[in-house]
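Printed here is data_37.cif (mmCIF, C-alpha atoms):
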data_input
#
loop_
_atom_site.label_atom_id
_atom_site.label_comp_id
_atom_site.auth_asym_id
_atom_site.auth_seq_id
_atom_site.Cartn_x
_atom_site.Cartn_y
_atom_site.Cartn_z
CA MET A 1 -102.17 72.48 -7.70
CA THR A 2 -104.62 69.57 -7.69
CA PRO A 3 -103.12 66.07 -7.47
CA THR A 4 -103.47 64.39 -10.86
CA ILE A 5 -102.19 61.46 -12.92
CA ALA A 6 -101.99 61.45 -16.73
CA GLN A 7 -100.89 58.39 -18.68
CA ARG A 8 -100.27 57.39 -22.28
CA PRO A 9 -99.75 53.60 -22.39
CA GLY A 10 -96.37 52.64 -23.80
CA VAL A 11 -95.09 56.22 -23.52
CA ALA A 12 -95.09 57.72 -20.02
CA VAL A 13 -97.11 58.48 -16.92
CA ALA A 14 -96.93 61.78 -15.04
CA GLY A 15 -98.46 63.07 -11.86
CA SER A 16 -98.42 65.78 -9.23
CA ILE A 17 -98.25 65.60 -5.45
CA VAL A 18 -99.58 67.97 -2.82
CA GLN A 19 -98.66 67.03 0.76
CA ARG A 20 -99.56 69.23 3.71
CA GLN A 21 -97.55 67.49 6.40
CA PRO A 22 -94.03 66.04 6.40
CA LEU A 23 -94.00 62.24 6.09
CA LEU A 24 -91.23 59.69 5.88
CA PHE A 25 -91.80 56.85 3.38
CA ARG A 26 -89.44 53.95 3.93
CA ARG A 27 -88.11 51.70 1.17
CA LEU A 28 -90.03 53.17 -1.74
CA TRP A 29 -89.28 51.34 -4.98
CA ILE A 30 -88.67 53.24 -8.18
CA ASP A 31 -89.90 50.77 -10.78
CA GLN A 32 -89.47 52.92 -13.89
CA PRO A 33 -86.88 55.59 -14.75
CA THR A 34 -88.35 58.67 -13.09
CA LEU A 35 -87.91 62.43 -13.09
CA VAL A 36 -89.05 64.51 -10.10
CA LEU A 37 -89.40 68.31 -10.17
CA VAL A 38 -89.95 69.89 -6.74
CA GLU A 39 -92.01 73.09 -6.83
CA ALA A 40 -92.45 73.89 -3.11
CA GLY A 41 -90.82 72.51 0.01
CA TYR A 42 -87.99 70.03 -0.48
CA LYS A 43 -87.38 66.29 -0.83
CA VAL A 44 -84.71 64.09 0.75
CA LEU A 45 -83.89 60.68 -0.75
CA HIS A 46 -81.65 58.17 0.99
CA GLY A 47 -80.60 54.93 -0.71
CA ALA A 48 -77.68 52.80 -1.78
CA ALA A 49 -76.41 55.59 -4.02
CA GLY A 50 -76.27 58.09 -1.13
CA THR A 51 -78.40 60.90 0.29
CA PHE A 52 -79.82 63.60 -1.96
CA ARG A 53 -81.70 66.79 -1.11
CA VAL A 54 -83.84 68.37 -3.83
CA GLU A 55 -84.94 71.95 -3.20
CA ALA A 56 -87.86 73.83 -4.71
CA GLY A 57 -87.08 74.64 -8.34
CA GLN A 58 -84.70 71.68 -8.64
CA ALA A 59 -85.11 68.28 -10.27
CA VAL A 60 -83.61 64.82 -9.89
CA ALA A 61 -83.50 61.84 -12.28
CA LEU A 62 -83.71 58.31 -10.84
CA ALA A 63 -82.95 55.05 -12.59
CA GLY A 64 -85.54 52.30 -12.26
CA GLY A 65 -85.05 49.22 -10.09
CA GLN A 66 -83.89 50.79 -6.82
CA ALA A 67 -85.39 51.73 -3.45
CA PHE A 68 -85.15 54.88 -1.32
CA ASP A 69 -86.26 56.21 2.02
CA VAL A 70 -88.09 59.38 0.97
CA THR A 71 -89.12 62.38 3.06
CA ASN A 72 -91.12 65.28 1.66
CA TYR A 73 -90.68 68.41 3.76
CA LEU A 74 -92.83 71.56 3.68
CA GLY A 75 -90.00 73.94 4.57
CA ALA A 76 -91.42 77.48 4.67
CA ALA A 77 -94.20 76.58 2.21
CA PRO A 78 -97.76 75.72 3.31
CA ALA A 79 -97.50 72.42 1.41
CA TYR A 80 -94.96 70.24 -0.37
CA ARG A 81 -95.65 70.27 -4.11
CA ALA A 82 -93.90 68.31 -6.83
CA ARG A 83 -94.41 66.84 -10.29
CA TRP A 84 -93.11 63.48 -11.42
CA LEU A 85 -92.69 61.69 -14.73
CA ALA A 86 -91.97 57.99 -15.37
CA TRP A 87 -91.06 56.69 -18.83
CA GLU A 88 -92.61 53.40 -19.90
CA ARG A 89 -90.78 50.51 -21.50
CA GLY A 90 -92.09 51.01 -25.03
CA LEU A 91 -90.80 54.57 -25.16
CA LEU A 92 -87.42 53.72 -23.63
CA GLU A 93 -86.79 51.14 -26.32
CA GLN A 94 -86.76 54.01 -28.84
CA TRP A 95 -84.02 55.87 -26.99
CA ARG A 96 -80.34 55.04 -26.97
CA ALA A 97 -77.74 56.57 -24.69
CA PRO A 98 -74.54 57.89 -26.31
CA ALA A 99 -71.81 55.30 -26.91
CA GLY A 100 -69.44 54.97 -23.96
CA ALA A 101 -71.85 56.64 -21.53
CA ARG A 102 -71.65 55.38 -17.93
CA PRO A 103 -74.93 54.60 -16.12
CA ARG A 104 -75.79 56.57 -12.99
CA PRO A 105 -78.53 55.56 -10.52
CA VAL A 106 -79.24 59.13 -9.34
CA VAL A 107 -78.56 62.38 -11.16
CA PRO A 108 -79.35 65.64 -9.31
CA LEU A 109 -80.17 68.16 -12.05
CA GLY A 110 -80.05 71.24 -9.83
CA ALA A 111 -82.11 74.32 -10.63
CA VAL A 112 -84.02 73.83 -13.87
CA VAL A 113 -84.30 76.48 -16.57
CA PRO A 114 -87.77 77.72 -17.61
CA ALA A 115 -87.64 75.85 -20.93
CA PHE A 116 -87.16 72.56 -19.05
CA ALA A 117 -90.23 73.19 -16.87
CA GLU A 118 -92.21 74.22 -19.95
CA ALA A 119 -91.27 71.00 -21.77
CA PHE A 120 -92.33 69.04 -18.68
CA THR A 121 -95.70 70.81 -18.63
CA ALA A 122 -96.22 70.32 -22.37
CA LEU A 123 -95.59 66.57 -22.05
CA THR A 124 -97.93 66.23 -19.06
CA GLN A 125 -100.72 67.97 -20.97
CA ALA A 126 -100.04 65.88 -24.08
CA LEU A 127 -100.30 62.61 -22.14
CA ASP A 128 -103.91 63.40 -21.29
CA ASP A 129 -104.92 64.87 -24.67
CA PRO A 130 -106.78 62.27 -26.80
CA ALA A 131 -106.52 64.58 -29.84
CA LEU A 132 -102.75 64.06 -29.98
CA PRO A 133 -101.49 60.85 -31.65
CA ASP A 134 -99.08 58.58 -29.78
CA ALA A 135 -96.24 59.54 -32.13
CA VAL A 136 -96.49 63.22 -31.15
CA VAL A 137 -96.71 62.44 -27.44
CA GLY A 138 -93.78 60.04 -27.82
CA HIS A 139 -91.62 62.76 -29.35
CA ARG A 140 -92.35 65.03 -26.39
CA ALA A 141 -91.42 62.24 -23.97
CA LEU A 142 -88.19 61.65 -25.89
CA GLU A 143 -87.48 65.39 -25.67
CA MET A 144 -87.39 65.08 -21.87
CA LEU A 145 -84.84 62.27 -22.21
CA VAL A 146 -82.72 64.53 -24.39
CA TRP A 147 -82.81 67.15 -21.61
CA LEU A 148 -81.54 64.53 -19.17
CA GLU A 149 -78.93 63.26 -21.61
CA GLY A 150 -77.59 66.79 -21.87
CA ALA A 151 -77.35 66.93 -18.09
CA GLY A 152 -75.43 63.67 -17.96
CA SER A 153 -78.35 61.54 -16.77
CA LEU A 154 -78.45 57.94 -17.93
CA LEU A 155 -80.87 55.17 -17.12
CA LEU A 156 -79.73 51.84 -15.72
CA ALA A 157 -80.60 48.59 -17.45
CA GLU A 158 -82.29 45.97 -15.26
CA THR A 159 -80.08 42.97 -14.53
CA GLN A 160 -82.06 41.30 -11.72
CA LEU A 161 -85.28 39.34 -11.87
CA ALA A 162 -87.17 41.01 -9.01
CA PRO A 163 -87.53 44.42 -10.75
CA ARG A 164 -88.86 42.71 -13.87
CA VAL A 165 -91.37 40.75 -11.78
CA ARG A 166 -92.40 43.99 -10.08
CA ARG A 167 -93.02 45.60 -13.46
CA LEU A 168 -95.18 42.66 -14.55
CA LEU A 169 -97.29 42.70 -11.39
CA ALA A 170 -97.60 46.49 -11.43
CA GLY A 171 -99.47 46.20 -14.72
CA ASP A 172 -102.43 44.71 -12.80
CA PRO A 173 -101.92 44.99 -9.02
CA ALA A 174 -105.48 43.84 -8.23
CA ARG A 175 -104.95 40.49 -9.94
CA GLU A 176 -104.44 37.36 -7.85
CA TRP A 177 -101.05 36.52 -9.35
CA ARG A 178 -99.96 32.91 -9.02
CA SER A 179 -96.42 31.58 -9.30
CA PRO A 180 -97.11 29.28 -12.31
CA GLU A 181 -98.29 32.13 -14.54
CA VAL A 182 -95.54 34.48 -13.37
CA ALA A 183 -92.87 31.82 -13.95
CA ALA A 184 -94.27 31.19 -17.43
CA GLN A 185 -93.90 34.88 -18.27
CA PHE A 186 -90.15 34.51 -17.75
CA ALA A 187 -89.86 31.09 -19.38
CA MET A 188 -88.83 29.33 -16.18
CA SER A 189 -90.21 26.80 -13.75
CA GLU A 190 -91.84 27.74 -10.42
CA ALA A 191 -88.81 26.34 -8.61
CA SER A 192 -86.44 28.48 -10.70
CA LEU A 193 -88.59 31.56 -10.07
CA ARG A 194 -88.50 30.99 -6.30
CA ARG A 195 -84.77 30.26 -6.35
CA HIS A 196 -83.87 33.36 -8.38
CA LEU A 197 -86.03 35.64 -6.23
CA ALA A 198 -84.67 34.12 -3.01
CA ALA A 199 -81.14 34.84 -4.25
CA GLU A 200 -82.21 38.48 -4.49
CA ASP A 201 -83.71 38.37 -0.96
CA SER A 202 -87.23 38.52 -2.32
CA SER A 203 -90.32 36.41 -3.01
CA LEU A 204 -93.40 36.65 -5.20
CA SER A 205 -95.71 37.32 -2.25
CA GLU A 206 -93.45 40.09 -0.93
CA ILE A 207 -93.23 41.72 -4.34
CA LEU A 208 -96.99 41.59 -4.89
CA LEU A 209 -97.73 43.13 -1.50
CA ASP A 210 -95.19 45.90 -2.03
CA VAL A 211 -96.47 46.60 -5.56
CA ARG A 212 -100.00 46.92 -4.21
CA MET A 213 -99.00 49.24 -1.37
CA SER A 214 -96.74 51.38 -3.59
CA THR A 215 -99.51 51.71 -6.18
CA ALA A 216 -101.94 52.68 -3.45
CA LEU A 217 -99.52 55.33 -2.16
CA THR A 218 -99.21 56.84 -5.64
CA LEU A 219 -102.99 56.98 -6.02
CA LEU A 220 -103.41 58.51 -2.57
CA GLN A 221 -100.82 61.18 -3.31
CA SER A 222 -101.64 61.95 -6.93
CA THR A 223 -105.42 61.52 -7.25
CA ALA A 224 -108.57 62.45 -5.37
CA GLN A 225 -110.01 58.93 -5.58
CA PRO A 226 -111.78 57.73 -2.41
CA VAL A 227 -109.77 55.36 -0.24
CA THR A 228 -112.37 52.61 -0.73
CA ARG A 229 -111.91 52.78 -4.51
CA ILE A 230 -108.12 52.73 -4.21
CA ALA A 231 -108.37 49.66 -1.99
CA GLY A 232 -110.31 47.89 -4.73
CA GLU A 233 -107.86 48.94 -7.43
CA VAL A 234 -105.02 47.22 -5.58
CA GLY A 235 -106.90 44.02 -4.84
CA TYR A 236 -108.65 44.59 -1.50
CA GLN A 237 -112.43 44.26 -1.22
CA SER A 238 -112.20 45.15 2.47
CA PRO A 239 -111.07 48.76 3.09
CA SER A 240 -110.25 47.88 6.69
CA GLN A 241 -107.93 45.06 5.62
CA PHE A 242 -106.33 47.42 3.12
CA ALA A 243 -105.79 50.02 5.87
CA VAL A 244 -104.15 47.42 8.11
CA ARG A 245 -101.77 46.30 5.35
CA PHE A 246 -100.98 49.90 4.40
CA ARG A 247 -100.18 50.88 7.98
CA ARG A 248 -98.04 47.78 8.40
CA ARG A 249 -96.06 48.70 5.27
CA PHE A 250 -95.69 52.46 5.76
CA GLY A 251 -96.38 53.09 9.44
CA CYS A 252 -99.37 55.37 8.88
CA SER A 253 -102.94 55.04 7.66
CA PRO A 254 -104.14 55.82 4.11
CA THR A 255 -106.07 58.83 5.43
CA ASP A 256 -102.87 60.24 7.00
CA ILE A 257 -101.49 60.77 3.49
CA ARG A 258 -104.17 63.36 2.77
CA ARG A 259 -104.43 64.87 6.24
CA ASP A 260 -103.86 68.63 6.40
CA HIS A 261 -102.00 68.49 9.72
CA PRO A 262 -100.05 65.75 11.49
CA ARG A 263 -101.46 64.03 14.57
CA GLY A 264 -98.18 64.40 16.40
CA GLY A 265 -94.81 63.33 15.05
CA ALA A 266 -91.42 61.93 15.82
CA SER A 267 -87.98 63.44 15.51
CA VAL A 268 -85.97 61.53 12.93
CA LYS A 269 -82.51 61.96 11.52
CA MET A 270 -81.54 60.69 8.09
CA ALA A 271 -77.92 60.42 7.02
CA GLY A 272 -76.73 63.77 8.27
CA ILE A 273 -79.91 65.70 7.43
CA ALA A 274 -80.92 68.03 10.24
CA ASN A 275 -83.63 66.82 12.62
CA SER A 276 -87.18 67.75 11.75
CA VAL A 277 -90.54 66.70 13.12
CA VAL A 278 -91.62 64.04 10.65
CA ARG A 279 -94.33 61.43 10.92
CA PRO A 280 -92.89 58.04 9.91
CA CYS A 281 -94.84 56.55 7.03
#

Please lay out the structure from this file as structure tokens.
Amino acid sequence: MTPTIAQRPGVAVAGSIVQRQPLLFRRLWIDQPTLVLVEAGYKVLHGAAGTFRVEAGQAVALAGGQAFDVTNYLGAAPAYRARWLAWERGLLEQWRAPAGARPRPVVPLGAVVPAFAEAFTALTQALDDPALPDAVVGHRALEMLVWLEGAGSLLLAETQLAPRVRRLLAGDPAREWRSPEVAAQFAMSEASLRRHLAAEDSSLSEILLDVRMSTALTLLQSTAQPVTRIAGEVGYQSPSQFAVRFRRRFGCSPTDIRRDHPRGGASVKMAGIANSVVRPC
């Protein structure tokens, strides 16, 4: 499987990941409601909602606006492989959860049936097919939400400001965002913006840096773009400065993400999960 990303603006974005060494990614933000289907190896997520292990052939649904420590393990496979899907705001506004349904931040779906995987594949292909109109692609994206609804998965509404700011900045991570224009987007003053974000233990500069690094990680995992191009796409003209910021955020270099074998590792233990040699990242 070749790492890829396919997107239909206003509908969804989907991608695949191939990782040939185990890496630990700390405090990864899930900005949009996301579905992950593991195909080889296994994934461990640890966050406020608990610790979840997703085996090959299983899927998990994650509400947007939350962070996890994520480790992708190879297990007995030569590489960790997974596919992911994130629904965009425009599509979600067309979907309504059943009356009386209770939101859940994480929903392990267990082993998926073949029809589920086939619907996932059909949507991914549709996202990248210019011959298909948005309405058709949208129906296929809604179909995946129906699958999750049937499994009891619901998506949380955003109640805090920081996730909404993240979503705004993620639309153009290379842009030099300034507090006056961001505050104006939310019809508030700069002082109110700073105060609200501080109350959520955040700041505009912290959010922008994390958005840039998280976007870079996605591009490193799910595309074959050169590191220098990815640096530019997240606002860094200097690849060396980008590498320094990336290592500071994740604990490893951008090239480590695509390395076939680890350069040594560290034994880590996450919330009762058995020790395994994992390179912190």

Practice prompt. Would you list the contacts of region 32-38 of chain A as a list in words, taking every protein, DNA or RNA residue within 9 Å and counting all atoms listed in the file, but skipping same-chain residues closer than 4 positions in sequence?
Written response: Tyr42, Lys43, Val54, Glu55, Ala56, Gly57, Gln58, Ala59, Val60, Ala61, Leu62, Ala63, Gly64, Gly65, Tyr80, Arg81, Ala82, Arg83, Trp84, Leu85, Ala86, Trp87, Glu88, Arg89, Val112, Ala117, Leu155, Leu156 and Arg167 of chain A

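Of the listed residues A:Leu92, A:Ala76, A:Val137, A:Leu217, the one whose atoms come nearest to Ala122 (chain A) is A:Val137, with distances taken using all atoms listed in the file.
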
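Going from CA of Ser203 (chain A) to CA of Pro239 (chain A) covers 24.9 Å.
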
Discussion item. Under the rule that only C-alpha atoms are counted, which of A:Thr228, A:Leu209, A:Pro78, A:Gln7 is the nearest residue to Arg166 (chain A)?
Written reply: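 The answer is A:Leu209, which sits nearest to Arg166 (chain A).
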
Worksheet item: With all atoms listed in the file as the basis for distance, which of A:Gln19, A:Thr223, A:Ser214, A:Ser189 is at the shortest distance from Arg245 (chain A)?
Response: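 Looking at the shortest contact to Arg245 (chain A), the residue is A:Ser214.
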
Take region 14-34 of chain A, bring it up to N, CA, C and O atoms, and give me the output as a PDB file, in the coordinates of the input.
ATOM      1  N   ALA A  14     -97.378  60.614 -15.807  1.00  0.00           N
ATOM      2  CA  ALA A  14     -96.930  61.780 -15.040  1.00  0.00           C
ATOM      3  C   ALA A  14     -97.980  62.121 -13.993  1.00  0.00           C
ATOM      4  O   ALA A  14     -99.170  61.828 -14.155  1.00  0.00           O
ATOM      5  N   GLY A  15     -97.537  62.715 -12.918  1.00  0.00           N
ATOM      6  CA  GLY A  15     -98.460  63.070 -11.860  1.00  0.00           C
ATOM      7  C   GLY A  15     -97.947  64.232 -11.040  1.00  0.00           C
ATOM      8  O   GLY A  15     -96.815  64.697 -11.218  1.00  0.00           O
ATOM      9  N   SER A  16     -98.793  64.704 -10.148  1.00  0.00           N
ATOM     10  CA  SER A  16     -98.420  65.780  -9.230  1.00  0.00           C
ATOM     11  C   SER A  16     -98.756  65.356  -7.819  1.00  0.00           C
ATOM     12  O   SER A  16     -99.614  64.501  -7.598  1.00  0.00           O
ATOM     13  N   ILE A  17     -98.059  65.928  -6.864  1.00  0.00           N
ATOM     14  CA  ILE A  17     -98.250  65.600  -5.450  1.00  0.00           C
ATOM     15  C   ILE A  17     -98.425  66.884  -4.664  1.00  0.00           C
ATOM     16  O   ILE A  17     -97.667  67.846  -4.844  1.00  0.00           O
ATOM     17  N   VAL A  18     -99.417  66.912  -3.799  1.00  0.00           N
ATOM     18  CA  VAL A  18     -99.580  67.970  -2.820  1.00  0.00           C
ATOM     19  C   VAL A  18     -99.644  67.308  -1.450  1.00  0.00           C
ATOM     20  O   VAL A  18    -100.499  66.465  -1.205  1.00  0.00           O
ATOM     21  N   GLN A  19     -98.724  67.657  -0.566  1.00  0.00           N
ATOM     22  CA  GLN A  19     -98.660  67.030   0.760  1.00  0.00           C
ATOM     23  C   GLN A  19     -98.554  68.124   1.810  1.00  0.00           C
ATOM     24  O   GLN A  19     -97.648  68.957   1.745  1.00  0.00           O
ATOM     25  N   ARG A  20     -99.469  68.131   2.763  1.00  0.00           N
ATOM     26  CA  ARG A  20     -99.560  69.230   3.710  1.00  0.00           C
ATOM     27  C   ARG A  20     -98.983  68.919   5.085  1.00  0.00           C
ATOM     28  O   ARG A  20     -99.188  69.652   6.032  1.00  0.00           O
ATOM     29  N   GLN A  21     -98.291  67.812   5.193  1.00  0.00           N
ATOM     30  CA  GLN A  21     -97.550  67.490   6.400  1.00  0.00           C
ATOM     31  C   GLN A  21     -96.326  66.682   6.003  1.00  0.00           C
ATOM     32  O   GLN A  21     -96.354  65.967   5.000  1.00  0.00           O
ATOM     33  N   PRO A  22     -95.231  66.803   6.741  1.00  0.00           N
ATOM     34  CA  PRO A  22     -94.030  66.040   6.400  1.00  0.00           C
ATOM     35  C   PRO A  22     -94.223  64.573   6.774  1.00  0.00           C
ATOM     36  O   PRO A  22     -94.681  64.245   7.865  1.00  0.00           O
ATOM     37  N   LEU A  23     -93.886  63.675   5.852  1.00  0.00           N
ATOM     38  CA  LEU A  23     -94.000  62.240   6.090  1.00  0.00           C
ATOM     39  C   LEU A  23     -92.764  61.532   5.562  1.00  0.00           C
ATOM     40  O   LEU A  23     -92.216  61.910   4.530  1.00  0.00           O
ATOM     41  N   LEU A  24     -92.360  60.511   6.273  1.00  0.00           N
ATOM     42  CA  LEU A  24     -91.230  59.690   5.880  1.00  0.00           C
ATOM     43  C   LEU A  24     -91.752  58.374   5.301  1.00  0.00           C
ATOM     44  O   LEU A  24     -92.463  57.633   5.980  1.00  0.00           O
ATOM     45  N   PHE A  25     -91.409  58.089   4.039  1.00  0.00           N
ATOM     46  CA  PHE A  25     -91.800  56.850   3.380  1.00  0.00           C
ATOM     47  C   PHE A  25     -90.571  55.964   3.262  1.00  0.00           C
ATOM     48  O   PHE A  25     -89.616  56.312   2.564  1.00  0.00           O
ATOM     49  N   ARG A  26     -90.610  54.832   3.910  1.00  0.00           N
ATOM     50  CA  ARG A  26     -89.440  53.950   3.930  1.00  0.00           C
ATOM     51  C   ARG A  26     -89.482  52.956   2.770  1.00  0.00           C
ATOM     52  O   ARG A  26     -90.520  52.435   2.409  1.00  0.00           O
ATOM     53  N   ARG A  27     -88.313  52.739   2.183  1.00  0.00           N
ATOM     54  CA  ARG A  27     -88.110  51.700   1.170  1.00  0.00           C
ATOM     55  C   ARG A  27     -89.116  51.808   0.024  1.00  0.00           C
ATOM     56  O   ARG A  27     -89.800  50.858  -0.323  1.00  0.00           O
ATOM     57  N   LEU A  28     -89.172  52.983  -0.580  1.00  0.00           N
ATOM     58  CA  LEU A  28     -90.030  53.170  -1.740  1.00  0.00           C
ATOM     59  C   LEU A  28     -89.286  52.719  -2.995  1.00  0.00           C
ATOM     60  O   LEU A  28     -88.186  53.203  -3.277  1.00  0.00           O
ATOM     61  N   TRP A  29     -89.903  51.836  -3.760  1.00  0.00           N
ATOM     62  CA  TRP A  29     -89.280  51.340  -4.980  1.00  0.00           C
ATOM     63  C   TRP A  29     -89.566  52.262  -6.145  1.00  0.00           C
ATOM     64  O   TRP A  29     -90.699  52.727  -6.329  1.00  0.00           O
ATOM     65  N   ILE A  30     -88.527  52.529  -6.926  1.00  0.00           N
ATOM     66  CA  ILE A  30     -88.670  53.240  -8.180  1.00  0.00           C
ATOM     67  C   ILE A  30     -88.650  52.189  -9.276  1.00  0.00           C
ATOM     68  O   ILE A  30     -87.600  51.639  -9.614  1.00  0.00           O
ATOM     69  N   ASP A  31     -89.813  51.856  -9.806  1.00  0.00           N
ATOM     70  CA  ASP A  31     -89.900  50.770 -10.780  1.00  0.00           C
ATOM     71  C   ASP A  31     -89.458  51.195 -12.167  1.00  0.00           C
ATOM     72  O   ASP A  31     -88.830  50.426 -12.888  1.00  0.00           O
ATOM     73  N   GLN A  32     -89.795  52.423 -12.560  1.00  0.00           N
ATOM     74  CA  GLN A  32     -89.470  52.920 -13.890  1.00  0.00           C
ATOM     75  C   GLN A  32     -88.534  54.115 -13.770  1.00  0.00           C
ATOM     76  O   GLN A  32     -88.541  54.821 -12.753  1.00  0.00           O
ATOM     77  N   PRO A  33     -87.700  54.373 -14.771  1.00  0.00           N
ATOM     78  CA  PRO A  33     -86.880  55.590 -14.750  1.00  0.00           C
ATOM     79  C   PRO A  33     -87.779  56.805 -14.536  1.00  0.00           C
ATOM     80  O   PRO A  33     -88.781  56.977 -15.238  1.00  0.00           O
ATOM     81  N   THR A  34     -87.440  57.623 -13.557  1.00  0.00           N
ATOM     82  CA  THR A  34     -88.350  58.670 -13.090  1.00  0.00           C
ATOM     83  C   THR A  34     -87.644  60.008 -12.939  1.00  0.00           C
ATOM     84  O   THR A  34     -86.488  60.072 -12.519  1.00  0.00           O
TER      85      THR A  34
END
